[in-house]
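Asks: Structure in structure tokens, see below.
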Amino acid sequence: MDLSIIIPAYNEAKRLPGTLAVLAAGQAALAEMGIVSEGLVVDNNSTDGTAAVAQAAGLRVISEPINQIGRARNTGARVGVGDWLLFLDADSHPPVGLWQDLGRTLADGAIIGGGSVLQLDGNFFAYGLALKFWNAWSRWSHEAAGAFLFCRRSAFVAVGGFDETFFAGEEIDFCRRLKRHARPLGQQLRILRDHPLVTSARKAELYTTGEFLRFFARTILGGGRTLRKREDCPIWYDGRR
């Protein structure tokens, strides 16, 4: 198996069908390039029909009872058998061009992992500005958003996967450890930019600008301590869908 595509999902029965349709198209595009892939959904303690939706689409479903995104990704990585791992959010839609870019990247021996720039599926001014800042930072730092993050399995194991003491921001910590691991190997992370990942703008619909600003202010003033407390990360864990 060349690639394991791991989709952590918490109460995603409404949005998961669209993502799985895009996944099927992506796997077909990869197959045309000679890349064999598997799709796994990690049901992260959902209370809706998430698992049933994934099973109906023919995907393997793994249960992770503790609701935490990094833990769900680690659980999927332990089960997946691919030489490469791709972590894809359950509300994100990679266009075919991005799958093809990924396929070409997997063949590059200088690449240890990476991600993609992002594009919202809705028009929200403040959230859009924040996303433009993130895309610029991602391209400069070679740090990937967790919505579409890939790496070699050997590197994932070497750095210990995602740090499960984080409840948010775990992908930044992971990428920084991955970069440190890559340097002596003469490898690097690559951010794919020609075909942005289309990701859900629902957080902009469900949370006010004030809620976002308060979270980021507490995180900055607290030196990042809020990222390690579930109760301080309601935007990810309060159950709004």
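Order determines the names: the first chain of the structure tokens is A, the second B, and so forth; residues in each chain are numbered 1 upward, and ligands are numbered 1 upward as they are shown.
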Can you list, as a list in words, every protein, DNA or RNA residue that comes within 9 Å of Trp99 of chain A when you count only C-alpha atoms, leaving out same-chain residues fewer than 2 positions away?

Replies: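 After dropping sequence-adjacent residues, the list is Ala25, Gly26, Gln27, Ala29, Leu30, Pro94, Pro95, Val96, Gly97, Asp101, Leu102, Gly103, Arg104 and His195 of chain A.
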
Asks: Produce a file of the selected residues containing C-alpha atoms, as a PDB file, in the first residue's frame.

Replies:
ATOM      1  CA  ALA A  25     -12.389  10.727  -7.233  1.00  0.00           C
ATOM      2  CA  GLY A  26      -8.993  11.400  -5.679  1.00  0.00           C
ATOM      3  CA  GLN A  27      -8.192   7.732  -5.226  1.00  0.00           C
ATOM      4  CA  ALA A  29      -6.744   9.914  -9.942  1.00  0.00           C
ATOM      5  CA  LEU A  30      -3.977   8.427  -7.801  1.00  0.00           C
ATOM      6  CA  PRO A  94      -9.311  18.309  -2.296  1.00  0.00           C
ATOM      7  CA  PRO A  95      -9.787  19.021  -6.027  1.00  0.00           C
ATOM      8  CA  VAL A  96      -8.504  16.447  -8.495  1.00  0.00           C
ATOM      9  CA  GLY A  97      -5.536  18.691  -9.297  1.00  0.00           C
ATOM     10  CA  ASP A 101       0.042  17.217  -7.209  1.00  0.00           C
ATOM     11  CA  LEU A 102       0.195  14.939  -4.178  1.00  0.00           C
ATOM     12  CA  GLY A 103       0.875  11.906  -6.349  1.00  0.00           C
ATOM     13  CA  ARG A 104       3.825  13.608  -8.017  1.00  0.00           C
ATOM     14  CA  HIS A 195      -4.773  23.655  -6.376  1.00  0.00           C
TER      15      HIS A 195
END

Asks: With DSSP run on the backbone, what are the strand (DSSP E or B) residues within segment 67-114 of chain A? I'd like them as a ChimeraX atom specification.

Replies: /A:84-88,92-93,111-114

Asks: Could the residues in this selection be written to a file with N, CA and C atoms, as a PDB file, in the first residue's frame?

Replies:
ATOM      1  N   TRP A  84       3.038   6.052   2.991  1.00  0.00           N
ATOM      2  CA  TRP A  84       2.752   7.460   3.238  1.00  0.00           C
ATOM      3  C   TRP A  84       1.422   7.571   3.971  1.00  0.00           C
ATOM      4  N   LEU A  85       1.279   8.620   4.767  1.00  0.00           N
ATOM      5  CA  LEU A  85       0.037   8.912   5.479  1.00  0.00           C
ATOM      6  C   LEU A  85      -0.467  10.279   5.037  1.00  0.00           C
ATOM      7  N   LEU A  86      -1.764  10.365   4.759  1.00  0.00           N
ATOM      8  CA  LEU A  86      -2.409  11.648   4.491  1.00  0.00           C
ATOM      9  C   LEU A  86      -3.542  11.819   5.483  1.00  0.00           C
ATOM     10  N   PHE A  87      -3.516  12.911   6.226  1.00  0.00           N
ATOM     11  CA  PHE A  87      -4.589  13.227   7.163  1.00  0.00           C
ATOM     12  C   PHE A  87      -5.481  14.275   6.507  1.00  0.00           C
ATOM     13  N   LEU A  88      -6.749  13.925   6.359  1.00  0.00           N
ATOM     14  CA  LEU A  88      -7.710  14.774   5.650  1.00  0.00           C
ATOM     15  C   LEU A  88      -8.911  15.035   6.547  1.00  0.00           C
ATOM     16  N   SER A  92     -13.485  18.701   4.319  1.00  0.00           N
ATOM     17  CA  SER A  92     -12.597  19.321   3.327  1.00  0.00           C
ATOM     18  C   SER A  92     -12.614  18.549   2.022  1.00  0.00           C
ATOM     19  N   HIS A  93     -12.480  19.284   0.904  1.00  0.00           N
ATOM     20  CA  HIS A  93     -12.621  18.690  -0.424  1.00  0.00           C
ATOM     21  C   HIS A  93     -11.398  19.004  -1.293  1.00  0.00           C
ATOM     22  N   ILE A 111      11.331  14.941  -0.415  1.00  0.00           N
ATOM     23  CA  ILE A 111      10.184  15.389   0.381  1.00  0.00           C
ATOM     24  C   ILE A 111       9.862  14.368   1.471  1.00  0.00           C
ATOM     25  N   ILE A 112       9.733  14.872   2.691  1.00  0.00           N
ATOM     26  CA  ILE A 112       9.371  14.023   3.821  1.00  0.00           C
ATOM     27  C   ILE A 112       7.893  14.159   4.184  1.00  0.00           C
ATOM     28  N   GLY A 113       7.286  15.259   3.765  1.00  0.00           N
ATOM     29  CA  GLY A 113       5.879  15.500   4.073  1.00  0.00           C
ATOM     30  C   GLY A 113       5.472  16.880   3.596  1.00  0.00           C
ATOM     31  N   GLY A 114       4.276  17.303   4.003  1.00  0.00           N
ATOM     32  CA  GLY A 114       3.823  18.635   3.609  1.00  0.00           C
ATOM     33  C   GLY A 114       2.330  18.783   3.729  1.00  0.00           C
TER      34      GLY A 114
END

Asks: Taking 3 positions as the minimum chain separation for residues in the same chain, which residues sit within 9 Å of Tyr127 of chain A when counting only C-alpha atoms? Answer as an MDAnalysis selection string.

Replies: chainID A and resid 120 123:124 130:132 201 203:204 209

Asks: Based on the selection just made, write N, CA and C atoms of those residues as a PDB file, in the first residue's frame.

Replies:
ATOM      1  N   LEU A 120     -11.581  28.741   1.358  1.00  0.00           N
ATOM      2  CA  LEU A 120     -12.881  28.553   2.010  1.00  0.00           C
ATOM      3  C   LEU A 120     -13.971  28.228   1.005  1.00  0.00           C
ATOM      4  N   ASN A 123     -17.894  32.848   1.750  1.00  0.00           N
ATOM      5  CA  ASN A 123     -17.296  34.180   1.704  1.00  0.00           C
ATOM      6  C   ASN A 123     -17.496  34.882   3.047  1.00  0.00           C
ATOM      7  N   PHE A 124     -16.444  34.905   3.863  1.00  0.00           N
ATOM      8  CA  PHE A 124     -16.479  35.557   5.173  1.00  0.00           C
ATOM      9  C   PHE A 124     -15.236  36.430   5.278  1.00  0.00           C
ATOM     10  N   ALA A 130      -7.867  36.057   7.680  1.00  0.00           N
ATOM     11  CA  ALA A 130      -7.056  35.184   8.530  1.00  0.00           C
ATOM     12  C   ALA A 130      -6.484  34.022   7.719  1.00  0.00           C
ATOM     13  N   LEU A 131      -7.285  33.506   6.793  1.00  0.00           N
ATOM     14  CA  LEU A 131      -6.828  32.390   5.968  1.00  0.00           C
ATOM     15  C   LEU A 131      -5.711  32.823   5.021  1.00  0.00           C
ATOM     16  N   LYS A 132      -5.810  34.044   4.481  1.00  0.00           N
ATOM     17  CA  LYS A 132      -4.730  34.557   3.628  1.00  0.00           C
ATOM     18  C   LYS A 132      -3.423  34.673   4.419  1.00  0.00           C
ATOM     19  N   ALA A 201     -16.209  26.544   5.725  1.00  0.00           N
ATOM     20  CA  ALA A 201     -16.219  27.823   6.441  1.00  0.00           C
ATOM     21  C   ALA A 201     -17.211  27.791   7.600  1.00  0.00           C
ATOM     22  N   LYS A 203     -17.016  27.163  10.711  1.00  0.00           N
ATOM     23  CA  LYS A 203     -16.646  27.809  11.972  1.00  0.00           C
ATOM     24  C   LYS A 203     -16.964  29.306  11.924  1.00  0.00           C
ATOM     25  N   ALA A 204     -16.831  29.898  10.743  1.00  0.00           N
ATOM     26  CA  ALA A 204     -17.182  31.313  10.602  1.00  0.00           C
ATOM     27  C   ALA A 204     -18.682  31.517  10.738  1.00  0.00           C
ATOM     28  N   THR A 209     -16.724  36.609  15.437  1.00  0.00           N
ATOM     29  CA  THR A 209     -15.355  37.115  15.383  1.00  0.00           C
ATOM     30  C   THR A 209     -14.813  37.334  16.789  1.00  0.00           C
TER      31      THR A 209
END

Asks: Which neighbours of Ala182 of chain A fall inside 12 Å, counting only C-alpha atoms, when residues of the same chain fewer than 2 positions from it are skipped, and could you give them as a PyMOL selection string?

Replies: chain A and resi 109-114+142+151-152+154-156+158-159+175-180+184-190

Asks: Excluding same-chain residues fewer than 6 positions from Ser4 of chain A, what lies within 10 Å of it counting only C-alpha atoms, as a list in words?

Replies: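 My reading of the contact set: Val36, Ser37, Glu38, Gly39, Leu40, Gly76, Ala77, Val79, Gly80, Val81, Gly82, Asp83, Trp84, Leu85, Leu86, Phe87, Phe150 and Arg153 of chain A.
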
Asks: What gap, in Å, lies between atom CA of Arg139 of chain A and atom CA of Val157 of chain A?

Replies: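 Those two atoms sit 24.7 Å apart.
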
Asks: So which residues touch Asp43 of chain A within 7 Å, counting only C-alpha atoms, skipping near sequence neighbours fewer than 4 positions away, as JSON, numbers by chain?

Replies: {"A": [8, 9, 10, 50, 51, 61, 62, 63, 64]}

Asks: For Tyr207 of chain A, which of A:Gly224, A:Ile191, A:Trp236, A:Ala31 is the closest residue, counting only C-alpha atoms?

Replies: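 Using only C-alpha atoms, the shortest distance to Tyr207 of chain A belongs to A:Trp236.
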
Asks: If I take atom CA of Ser116 of chain A and atom CA of Ala168 of chain A, how far is one from the other in Å, to one decimal?

Replies: 18.6 Å

Asks: Give the alpha helix (DSSP H) residues of segment 15-150 of chain A, as assigned by DSSP on the backbone, as a PyMOL selection string.

Replies: chain A and resi 16-32+50-56+69-79+96-106+125-141

Asks: Which is closest to Ala13 of chain A among A:Asn135, A:Val41, A:Gly115, A:Pro234, if we use only C-alpha atoms?

Replies: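 With only C-alpha atoms as the atom set, the closest residue is A:Val41.
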
Asks: Nearest residue to Glu12 of chain A out of A:Ile220, A:Phe148, A:Asn44, A:Glu231, using only C-alpha atoms?

Replies: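 Closest to Glu12 of chain A of all the choices is A:Asn44.
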
Asks: Which residues are close to Tyr237 of chain A, i.e. within 9 Å by only C-alpha atoms, leaving aside same-chain residues fewer than 3 positions away? Reply as a list of chain:residue names.

Replies: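 Near neighbours after the sequence-gap exclusion: A:Asn67, A:Gln68, A:Phe167, A:Arg230, A:Glu231, A:Cys233, A:Pro234, A:Arg240.
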